[in-house]
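Down below is the structure, laid out as structure tokens.
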Amino acid sequence: MNNLHFKQTADGSSTLYNPLLDEHYHSIHGALNESNHVFIKKGFLDFIDFFKNVKNINILEIGFGTGLNCILTFIENLKLNISLNYTSLEPFPLEMKIIDNLDFNLDSRQLDTFRLMHQSFWGKPLEINQQFSLEKSKLKLKDFNTNKLYDIIYFDAFAPNKQPELWKVDVFRKLFNLTSSNGVLVTYCAKGQVRRDLEKVGYFVERLKGPPGKREMLRATKV
């Protein structure tokens, strides 16, 4: 992880480049724009808009990474009266010296919360506020076991050609079994094989307009 390089994306926010994988953590067309569009708008907010009276939500994130999806979800949830349990898997956590040099255009209060999220203990739930509980697990998805079902899954793994072991049918079947009835999985990836594999395990899959620089994304619903 010491080989990571900082890079400013097109919307002014930061991302990281991993030369070993030849891959960025976020879209170079805009890290904030990508996360807000794919995970917050098409995942979190669309789910809430559809189920208007929902009071409790479980979110599972595959790939905590920089914590961007987590802090953006927290910020949105401040406007809502929803009890949110956020579980995130990350087998390769970033060091705080890297986190402290990221720029996601957060104000001082948001930045304090962002740092708290990263400094929280692994494997122990932390109540960020009365509506938001975070539990990070330093596990690979294949080693993650739970009886909990998730209403929203943020599938934010590196691209299929970089992390192929996370884009297999068996992985999607496990995620399908972890998805609540009418729950959704959202991902930036729109590859035809990914769509077919998601459908194969039982999801209803939509192609949606993608974030800047990307034509499409996928949203899979367990109906």
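Going by the structure tokens order, chains are called A, B, ..., each with residues numbered from 1, while ligands are numbered from 1 in the order shown.
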Legend entry - Residue neighbourhood A:Lys7, 7 Å, only C-alpha atoms, exclusion window fewer than 6 positions, as a ChimeraX atom specification: /A:14-17
Using the selection just defined, write its residues with C-alpha atoms as a PDB file, in the first residue's frame.
ATOM      1  CA  SER A  14      -9.008  13.076  -4.750  1.00  0.00           C
ATOM      2  CA  THR A  15      -8.450   9.502  -5.707  1.00  0.00           C
ATOM      3  CA  LEU A  16      -5.601   7.045  -5.304  1.00  0.00           C
ATOM      4  CA  TYR A  17      -3.724   5.185  -8.006  1.00  0.00           C
TER       5      TYR A  17
END
Inset, instruction - Within 9 Å of A:Ser181, counting only C-alpha atoms, which residues show up once you throw out same-chain ones fewer than 4 positions away? Write them as a ChimeraX atom specification, please. - result: /A:149-151,221-223
Please provide the set of residues having any atom within 8 Å of A:Glu216, restricted to only C-alpha atoms, with same-chain residues fewer than 3 positions apart removed, written as a PDB file with N, CA, C and O atoms, in the first residue's frame.
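The new file out.pdb reads:
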ATOM      1  N   TYR A 188     -20.757   0.433 -10.219  1.00  0.00           N
ATOM      2  CA  TYR A 188     -20.376   1.289 -11.342  1.00  0.00           C
ATOM      3  C   TYR A 188     -20.187   0.482 -12.620  1.00  0.00           C
ATOM      4  O   TYR A 188     -20.226   1.010 -13.722  1.00  0.00           O
ATOM      5  N   CYS A 189     -19.950  -0.826 -12.485  1.00  0.00           N
ATOM      6  CA  CYS A 189     -19.616  -1.673 -13.628  1.00  0.00           C
ATOM      7  C   CYS A 189     -20.875  -2.001 -14.435  1.00  0.00           C
ATOM      8  O   CYS A 189     -21.925  -2.310 -13.870  1.00  0.00           O
ATOM      9  N   ALA A 190     -20.765  -1.962 -15.760  1.00  0.00           N
ATOM     10  CA  ALA A 190     -21.920  -2.257 -16.621  1.00  0.00           C
ATOM     11  C   ALA A 190     -21.591  -3.329 -17.657  1.00  0.00           C
ATOM     12  O   ALA A 190     -22.282  -3.434 -18.674  1.00  0.00           O
ATOM     13  N   ARG A 207     -30.014  -1.469 -16.434  1.00  0.00           N
ATOM     14  CA  ARG A 207     -28.927  -0.592 -16.890  1.00  0.00           C
ATOM     15  C   ARG A 207     -29.392   0.834 -16.672  1.00  0.00           C
ATOM     16  O   ARG A 207     -30.421   1.242 -17.193  1.00  0.00           O
ATOM     17  N   LEU A 208     -28.616   1.595 -15.916  1.00  0.00           N
ATOM     18  CA  LEU A 208     -28.950   2.987 -15.639  1.00  0.00           C
ATOM     19  C   LEU A 208     -27.873   3.895 -16.212  1.00  0.00           C
ATOM     20  O   LEU A 208     -26.747   3.460 -16.479  1.00  0.00           O
ATOM     21  N   LYS A 209     -28.227   5.156 -16.367  1.00  0.00           N
ATOM     22  CA  LYS A 209     -27.240   6.131 -16.830  1.00  0.00           C
ATOM     23  C   LYS A 209     -26.082   6.186 -15.845  1.00  0.00           C
ATOM     24  O   LYS A 209     -26.276   6.238 -14.625  1.00  0.00           O
ATOM     25  N   GLY A 210     -24.868   6.168 -16.361  1.00  0.00           N
ATOM     26  CA  GLY A 210     -23.694   6.171 -15.511  1.00  0.00           C
ATOM     27  C   GLY A 210     -23.269   7.555 -15.075  1.00  0.00           C
ATOM     28  O   GLY A 210     -23.839   8.564 -15.507  1.00  0.00           O
ATOM     29  N   PRO A 211     -22.256   7.639 -14.217  1.00  0.00           N
ATOM     30  CA  PRO A 211     -21.708   8.933 -13.781  1.00  0.00           C
ATOM     31  C   PRO A 211     -20.914   9.568 -14.919  1.00  0.00           C
ATOM     32  O   PRO A 211     -20.705   8.937 -15.961  1.00  0.00           O
TER      33      PRO A 211
END
Inset, instruction - Record the distance separating atom CA of A:Arg173 and atom CA of A:Val201, expressed in Å with one decimal. - result: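 Interatomic distance, atom CA of A:Arg173 to atom CA of A:Val201: 5.3 Å.
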Legend entry - A:Leu178 surroundings by only C-alpha atoms, 12 Å radius, close-in-sequence under 2 positions cut, as a list in words: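 Close residues of A:Leu178: Asn58, Ile59, Leu60, Glu61, Leu141, Phe144, Asn145, Thr146, Asn147, Lys148, Leu149, Tyr150, Asp151, Ile152, Ile153, Val171, Phe172, Arg173, Lys174, Leu175, Phe176, Ser180, Ser181, Asn182, Gly183, Val184, Leu185 and Lys222 of chain A.
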Legend entry - stretch 21-24 of chain A environment, 12 Å, only C-alpha atoms, sequence neighbours closer than 2 positions dropped, as number ranges by chain: A: 1, 3-9, 14-19, 26-31, 65-66, 156-164
Shell around stretch 113-121 of chain A at 12 Å using only C-alpha atoms, local window under 3 positions removed, as a PDB file with N, CA, C and O atoms, in the first residue's frame:
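For reference, selection17.pdb as written:
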ATOM      1  N   PHE A  64     -14.345  -0.840   1.527  1.00  0.00           N
ATOM      2  CA  PHE A  64     -14.391   0.429   2.262  1.00  0.00           C
ATOM      3  C   PHE A  64     -13.464   1.463   1.631  1.00  0.00           C
ATOM      4  O   PHE A  64     -13.819   2.632   1.495  1.00  0.00           O
ATOM      5  N   GLY A  65     -12.266   1.017   1.240  1.00  0.00           N
ATOM      6  CA  GLY A  65     -11.335   1.883   0.512  1.00  0.00           C
ATOM      7  C   GLY A  65     -11.046   3.182   1.221  1.00  0.00           C
ATOM      8  O   GLY A  65     -10.597   3.211   2.369  1.00  0.00           O
ATOM      9  N   THR A  66     -11.329   4.294   0.556  1.00  0.00           N
ATOM     10  CA  THR A  66     -11.070   5.620   1.127  1.00  0.00           C
ATOM     11  C   THR A  66     -12.154   6.052   2.098  1.00  0.00           C
ATOM     12  O   THR A  66     -12.011   7.082   2.759  1.00  0.00           O
ATOM     13  N   GLY A  67     -13.257   5.306   2.166  1.00  0.00           N
ATOM     14  CA  GLY A  67     -14.364   5.677   3.049  1.00  0.00           C
ATOM     15  C   GLY A  67     -15.304   6.704   2.441  1.00  0.00           C
ATOM     16  O   GLY A  67     -16.209   7.199   3.129  1.00  0.00           O
ATOM     17  N   LEU A  68     -15.139   7.016   1.159  1.00  0.00           N
ATOM     18  CA  LEU A  68     -15.947   8.056   0.536  1.00  0.00           C
ATOM     19  C   LEU A  68     -17.435   7.697   0.534  1.00  0.00           C
ATOM     20  O   LEU A  68     -18.281   8.521   0.868  1.00  0.00           O
ATOM     21  N   ASN A  69     -17.772   6.461   0.147  1.00  0.00           N
ATOM     22  CA  ASN A  69     -19.190   6.081   0.116  1.00  0.00           C
ATOM     23  C   ASN A  69     -19.810   6.155   1.512  1.00  0.00           C
ATOM     24  O   ASN A  69     -20.971   6.532   1.663  1.00  0.00           O
ATOM     25  N   CYS A  70     -19.030   5.803   2.495  1.00  0.00           N
ATOM     26  CA  CYS A  70     -19.521   5.801   3.873  1.00  0.00           C
ATOM     27  C   CYS A  70     -19.830   7.207   4.362  1.00  0.00           C
ATOM     28  O   CYS A  70     -20.920   7.467   4.901  1.00  0.00           O
ATOM     29  N   ILE A  71     -18.898   8.139   4.182  1.00  0.00           N
ATOM     30  CA  ILE A  71     -19.134   9.503   4.666  1.00  0.00           C
ATOM     31  C   ILE A  71     -20.246  10.178   3.879  1.00  0.00           C
ATOM     32  O   ILE A  71     -21.055  10.925   4.451  1.00  0.00           O
ATOM     33  N   LEU A  72     -20.357   9.914   2.591  1.00  0.00           N
ATOM     34  CA  LEU A  72     -21.437  10.516   1.800  1.00  0.00           C
ATOM     35  C   LEU A  72     -22.796   9.978   2.235  1.00  0.00           C
ATOM     36  O   LEU A  72     -23.783  10.723   2.278  1.00  0.00           O
ATOM     37  N   THR A  73     -22.850   8.687   2.567  1.00  0.00           N
ATOM     38  CA  THR A  73     -24.098   8.105   3.069  1.00  0.00           C
ATOM     39  C   THR A  73     -24.468   8.732   4.408  1.00  0.00           C
ATOM     40  O   THR A  73     -25.634   9.071   4.653  1.00  0.00           O
ATOM     41  N   PHE A  74     -23.490   8.895   5.275  1.00  0.00           N
ATOM     42  CA  PHE A  74     -23.714   9.525   6.577  1.00  0.00           C
ATOM     43  C   PHE A  74     -24.259  10.943   6.407  1.00  0.00           C
ATOM     44  O   PHE A  74     -25.225  11.338   7.082  1.00  0.00           O
ATOM     45  N   ILE A  75     -23.653  11.715   5.512  1.00  0.00           N
ATOM     46  CA  ILE A  75     -24.074  13.107   5.292  1.00  0.00           C
ATOM     47  C   ILE A  75     -25.517  13.159   4.807  1.00  0.00           C
ATOM     48  O   ILE A  75     -26.320  13.976   5.283  1.00  0.00           O
ATOM     49  N   TYR A  86     -24.406   0.341   8.919  1.00  0.00           N
ATOM     50  CA  TYR A  86     -23.503   0.321   7.762  1.00  0.00           C
ATOM     51  C   TYR A  86     -22.368  -0.663   8.045  1.00  0.00           C
ATOM     52  O   TYR A  86     -21.581  -0.464   8.973  1.00  0.00           O
ATOM     53  N   THR A  87     -22.296  -1.731   7.265  1.00  0.00           N
ATOM     54  CA  THR A  87     -21.227  -2.729   7.388  1.00  0.00           C
ATOM     55  C   THR A  87     -20.336  -2.635   6.163  1.00  0.00           C
ATOM     56  O   THR A  87     -20.832  -2.607   5.035  1.00  0.00           O
ATOM     57  N   SER A  88     -19.040  -2.591   6.377  1.00  0.00           N
ATOM     58  CA  SER A  88     -18.121  -2.461   5.254  1.00  0.00           C
ATOM     59  C   SER A  88     -16.963  -3.446   5.386  1.00  0.00           C
ATOM     60  O   SER A  88     -16.390  -3.605   6.463  1.00  0.00           O
ATOM     61  N   GLU A  90     -13.180  -4.601   4.152  1.00  0.00           N
ATOM     62  CA  GLU A  90     -11.943  -4.068   3.564  1.00  0.00           C
ATOM     63  C   GLU A  90     -10.745  -4.859   4.090  1.00  0.00           C
ATOM     64  O   GLU A  90     -10.273  -4.607   5.205  1.00  0.00           O
ATOM     65  N   PRO A  93      -6.842  -2.196   4.593  1.00  0.00           N
ATOM     66  CA  PRO A  93      -7.149  -0.825   5.015  1.00  0.00           C
ATOM     67  C   PRO A  93      -6.029   0.151   4.672  1.00  0.00           C
ATOM     68  O   PRO A  93      -4.847  -0.208   4.647  1.00  0.00           O
ATOM     69  N   LEU A  94      -6.428   1.382   4.438  1.00  0.00           N
ATOM     70  CA  LEU A  94      -5.463   2.451   4.176  1.00  0.00           C
ATOM     71  C   LEU A  94      -4.958   3.041   5.483  1.00  0.00           C
ATOM     72  O   LEU A  94      -5.676   3.072   6.487  1.00  0.00           O
ATOM     73  N   GLU A  95      -3.736   3.535   5.467  1.00  0.00           N
ATOM     74  CA  GLU A  95      -3.160   4.167   6.650  1.00  0.00           C
ATOM     75  C   GLU A  95      -3.697   5.587   6.801  1.00  0.00           C
ATOM     76  O   GLU A  95      -4.060   6.242   5.817  1.00  0.00           O
ATOM     77  N   MET A  96      -3.733   6.066   8.035  1.00  0.00           N
ATOM     78  CA  MET A  96      -4.271   7.398   8.297  1.00  0.00           C
ATOM     79  C   MET A  96      -3.471   8.497   7.598  1.00  0.00           C
ATOM     80  O   MET A  96      -4.029   9.528   7.226  1.00  0.00           O
ATOM     81  N   LYS A  97      -2.182   8.289   7.397  1.00  0.00           N
ATOM     82  CA  LYS A  97      -1.395   9.319   6.716  1.00  0.00           C
ATOM     83  C   LYS A  97      -1.862   9.484   5.266  1.00  0.00           C
ATOM     84  O   LYS A  97      -1.712  10.567   4.683  1.00  0.00           O
ATOM     85  N   ILE A  98      -2.431   8.435   4.692  1.00  0.00           N
ATOM     86  CA  ILE A  98      -3.015   8.533   3.354  1.00  0.00           C
ATOM     87  C   ILE A  98      -4.373   9.221   3.441  1.00  0.00           C
ATOM     88  O   ILE A  98      -4.670  10.147   2.674  1.00  0.00           O
ATOM     89  N   ILE A  99      -5.194   8.787   4.378  1.00  0.00           N
ATOM     90  CA  ILE A  99      -6.530   9.359   4.558  1.00  0.00           C
ATOM     91  C   ILE A  99      -6.457  10.863   4.774  1.00  0.00           C
ATOM     92  O   ILE A  99      -7.249  11.636   4.236  1.00  0.00           O
ATOM     93  N   ASP A 100      -5.498  11.298   5.583  1.00  0.00           N
ATOM     94  CA  ASP A 100      -5.389  12.714   5.928  1.00  0.00           C
ATOM     95  C   ASP A 100      -5.004  13.590   4.739  1.00  0.00           C
ATOM     96  O   ASP A 100      -5.134  14.819   4.811  1.00  0.00           O
ATOM     97  N   ASN A 101      -4.546  12.989   3.667  1.00  0.00           N
ATOM     98  CA  ASN A 101      -4.156  13.766   2.490  1.00  0.00           C
ATOM     99  C   ASN A 101      -5.176  13.692   1.357  1.00  0.00           C
ATOM    100  O   ASN A 101      -4.942  14.234   0.271  1.00  0.00           O
ATOM    101  N   LEU A 102      -6.303  13.046   1.605  1.00  0.00           N
ATOM    102  CA  LEU A 102      -7.372  13.000   0.614  1.00  0.00           C
ATOM    103  C   LEU A 102      -8.222  14.263   0.720  1.00  0.00           C
ATOM    104  O   LEU A 102      -8.415  14.805   1.801  1.00  0.00           O
ATOM    105  N   ASP A 103      -8.745  14.719  -0.409  1.00  0.00           N
ATOM    106  CA  ASP A 103      -9.602  15.905  -0.424  1.00  0.00           C
ATOM    107  C   ASP A 103     -10.940  15.540  -1.064  1.00  0.00           C
ATOM    108  O   ASP A 103     -11.031  15.336  -2.277  1.00  0.00           O
ATOM    109  N   PHE A 104     -11.977  15.461  -0.221  1.00  0.00           N
ATOM    110  CA  PHE A 104     -13.327  15.175  -0.709  1.00  0.00           C
ATOM    111  C   PHE A 104     -14.271  16.354  -0.458  1.00  0.00           C
ATOM    112  O   PHE A 104     -15.485  16.185  -0.378  1.00  0.00           O
ATOM    113  N   ASN A 105     -13.688  17.539  -0.303  1.00  0.00           N
ATOM    114  CA  ASN A 105     -14.471  18.768  -0.137  1.00  0.00           C
ATOM    115  C   ASN A 105     -15.396  18.692   1.087  1.00  0.00           C
ATOM    116  O   ASN A 105     -16.549  19.118   1.040  1.00  0.00           O
ATOM    117  N   LEU A 106     -14.878  18.139   2.180  1.00  0.00           N
ATOM    118  CA  LEU A 106     -15.655  18.032   3.415  1.00  0.00           C
ATOM    119  C   LEU A 106     -15.421  19.249   4.298  1.00  0.00           C
ATOM    120  O   LEU A 106     -14.305  19.778   4.348  1.00  0.00           O
ATOM    121  N   ASP A 107     -16.471  19.706   4.985  1.00  0.00           N
ATOM    122  CA  ASP A 107     -16.259  20.793   5.946  1.00  0.00           C
ATOM    123  C   ASP A 107     -15.617  20.217   7.209  1.00  0.00           C
ATOM    124  O   ASP A 107     -15.435  18.995   7.334  1.00  0.00           O
ATOM    125  N   SER A 108     -15.295  21.062   8.162  1.00  0.00           N
ATOM    126  CA  SER A 108     -14.517  20.618   9.324  1.00  0.00           C
ATOM    127  C   SER A 108     -15.262  19.563  10.139  1.00  0.00           C
ATOM    128  O   SER A 108     -14.656  18.605  10.633  1.00  0.00           O
ATOM    129  N   ARG A 109     -16.559  19.715  10.272  1.00  0.00           N
ATOM    130  CA  ARG A 109     -17.354  18.764  11.044  1.00  0.00           C
ATOM    131  C   ARG A 109     -17.402  17.411  10.323  1.00  0.00           C
ATOM    132  O   ARG A 109     -17.263  16.353  10.947  1.00  0.00           O
ATOM    133  N   GLN A 110     -17.630  17.461   9.026  1.00  0.00           N
ATOM    134  CA  GLN A 110     -17.658  16.230   8.230  1.00  0.00           C
ATOM    135  C   GLN A 110     -16.300  15.547   8.242  1.00  0.00           C
ATOM    136  O   GLN A 110     -16.207  14.318   8.302  1.00  0.00           O
ATOM    137  N   LYS A 124     -15.733  -4.022  15.437  1.00  0.00           N
ATOM    138  CA  LYS A 124     -16.557  -3.549  16.541  1.00  0.00           C
ATOM    139  C   LYS A 124     -17.474  -2.432  16.051  1.00  0.00           C
ATOM    140  O   LYS A 124     -17.000  -1.456  15.473  1.00  0.00           O
ATOM    141  N   PRO A 125     -18.791  -2.573  16.281  1.00  0.00           N
ATOM    142  CA  PRO A 125     -19.722  -1.514  15.845  1.00  0.00           C
ATOM    143  C   PRO A 125     -19.423  -0.201  16.571  1.00  0.00           C
ATOM    144  O   PRO A 125     -19.065  -0.194  17.746  1.00  0.00           O
ATOM    145  N   LEU A 126     -19.556   0.884  15.830  1.00  0.00           N
ATOM    146  CA  LEU A 126     -19.367   2.221  16.399  1.00  0.00           C
ATOM    147  C   LEU A 126     -20.587   3.068  16.054  1.00  0.00           C
ATOM    148  O   LEU A 126     -20.964   3.175  14.890  1.00  0.00           O
ATOM    149  N   GLU A 127     -21.193   3.665  17.069  1.00  0.00           N
ATOM    150  CA  GLU A 127     -22.332   4.546  16.844  1.00  0.00           C
ATOM    151  C   GLU A 127     -21.802   5.942  16.535  1.00  0.00           C
ATOM    152  O   GLU A 127     -21.334   6.651  17.423  1.00  0.00           O
ATOM    153  N   ILE A 128     -21.870   6.313  15.259  1.00  0.00           N
ATOM    154  CA  ILE A 128     -21.379   7.634  14.844  1.00  0.00           C
ATOM    155  C   ILE A 128     -22.322   8.714  15.369  1.00  0.00           C
ATOM    156  O   ILE A 128     -21.893   9.760  15.846  1.00  0.00           O
ATOM    157  N   ASN A 129     -23.620   8.474  15.232  1.00  0.00           N
ATOM    158  CA  ASN A 129     -24.639   9.277  15.907  1.00  0.00           C
ATOM    159  C   ASN A 129     -25.833   8.363  16.174  1.00  0.00           C
ATOM    160  O   ASN A 129     -25.742   7.146  15.961  1.00  0.00           O
ATOM    161  N   PHE A 132     -26.804   6.399  12.956  1.00  0.00           N
ATOM    162  CA  PHE A 132     -25.807   5.789  12.062  1.00  0.00           C
ATOM    163  C   PHE A 132     -24.805   4.960  12.855  1.00  0.00           C
ATOM    164  O   PHE A 132     -24.043   5.486  13.666  1.00  0.00           O
ATOM    165  N   SER A 133     -24.819   3.649  12.603  1.00  0.00           N
ATOM    166  CA  SER A 133     -23.859   2.734  13.219  1.00  0.00           C
ATOM    167  C   SER A 133     -22.961   2.147  12.132  1.00  0.00           C
ATOM    168  O   SER A 133     -23.441   1.717  11.081  1.00  0.00           O
ATOM    169  N   LEU A 134     -21.661   2.143  12.381  1.00  0.00           N
ATOM    170  CA  LEU A 134     -20.679   1.633  11.417  1.00  0.00           C
ATOM    171  C   LEU A 134     -19.942   0.441  12.007  1.00  0.00           C
ATOM    172  O   LEU A 134     -19.485   0.488  13.154  1.00  0.00           O
ATOM    173  N   GLU A 135     -19.843  -0.621  11.216  1.00  0.00           N
ATOM    174  CA  GLU A 135     -18.984  -1.741  11.590  1.00  0.00           C
ATOM    175  C   GLU A 135     -18.117  -2.117  10.396  1.00  0.00           C
ATOM    176  O   GLU A 135     -18.624  -2.525   9.348  1.00  0.00           O
ATOM    177  N   LYS A 136     -16.816  -1.956  10.561  1.00  0.00           N
ATOM    178  CA  LYS A 136     -15.858  -2.330   9.510  1.00  0.00           C
ATOM    179  C   LYS A 136     -15.284  -3.704   9.832  1.00  0.00           C
ATOM    180  O   LYS A 136     -14.963  -3.988  10.988  1.00  0.00           O
ATOM    181  N   SER A 137     -15.145  -4.520   8.812  1.00  0.00           N
ATOM    182  CA  SER A 137     -14.541  -5.843   8.992  1.00  0.00           C
ATOM    183  C   SER A 137     -13.349  -5.983   8.065  1.00  0.00           C
ATOM    184  O   SER A 137     -13.458  -5.731   6.857  1.00  0.00           O
ATOM    185  N   LYS A 138     -12.226  -6.375   8.649  1.00  0.00           N
ATOM    186  CA  LYS A 138     -10.998  -6.547   7.864  1.00  0.00           C
ATOM    187  C   LYS A 138     -10.991  -7.953   7.254  1.00  0.00           C
ATOM    188  O   LYS A 138     -10.113  -8.774   7.506  1.00  0.00           O
TER     189      LYS A 138
END
Inset, instruction - Just list the residues in stretch 74-222 of chain A DSSP gives strand (DSSP E) on the backbone, as number ranges by chain. - result: A: 83-89, 126-129, 132-137, 150-155, 179-187, 204-209, 216-221
Inset, instruction - Apply DSSP to the backbone of this structure and, from chain A, keep only the residues in alpha helix (DSSP H); write these as a ChimeraX atom specification. - result: /A:31-35,46-50,68-77,96-99,108-119,169-178,192-200
Inset, instruction - Go through A:Asp170, A:Val186, A:Asn177, A:Leu80 and flag the residue nearest A:Val38, using only C-alpha atoms for the distances. - result: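 Closest to A:Val38, using only C-alpha atoms: A:Val186.
If only C-alpha atoms are the atoms counted, then among A:Pro212, A:Phe204, A:Thr179, A:Lys142 the closest residue to A:Glu165 is A:Lys142.
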Inset, instruction - Please indicate the distance in Å from atom CA of A:Tyr25 to atom CA of A:Ser13, rounded to one decimal place. - result: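 Answer for the atom CA of A:Tyr25 to atom CA of A:Ser13 separation: 11.9 Å.
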Inset, instruction - Have a look at atom CA of A:Asp11 and atom CA of A:Phe39 and let me know their distance in Å, one decimal. - result: 16.9 Å
Inset, instruction - Give the answer as one residue: which of A:Phe92, A:Trp167, A:Trp122, A:Phe50 has the shortest atom-to-atom distance to A:Thr187, using only C-alpha atoms? - result: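 Result for the nearest residue to A:Thr187: A:Trp167.
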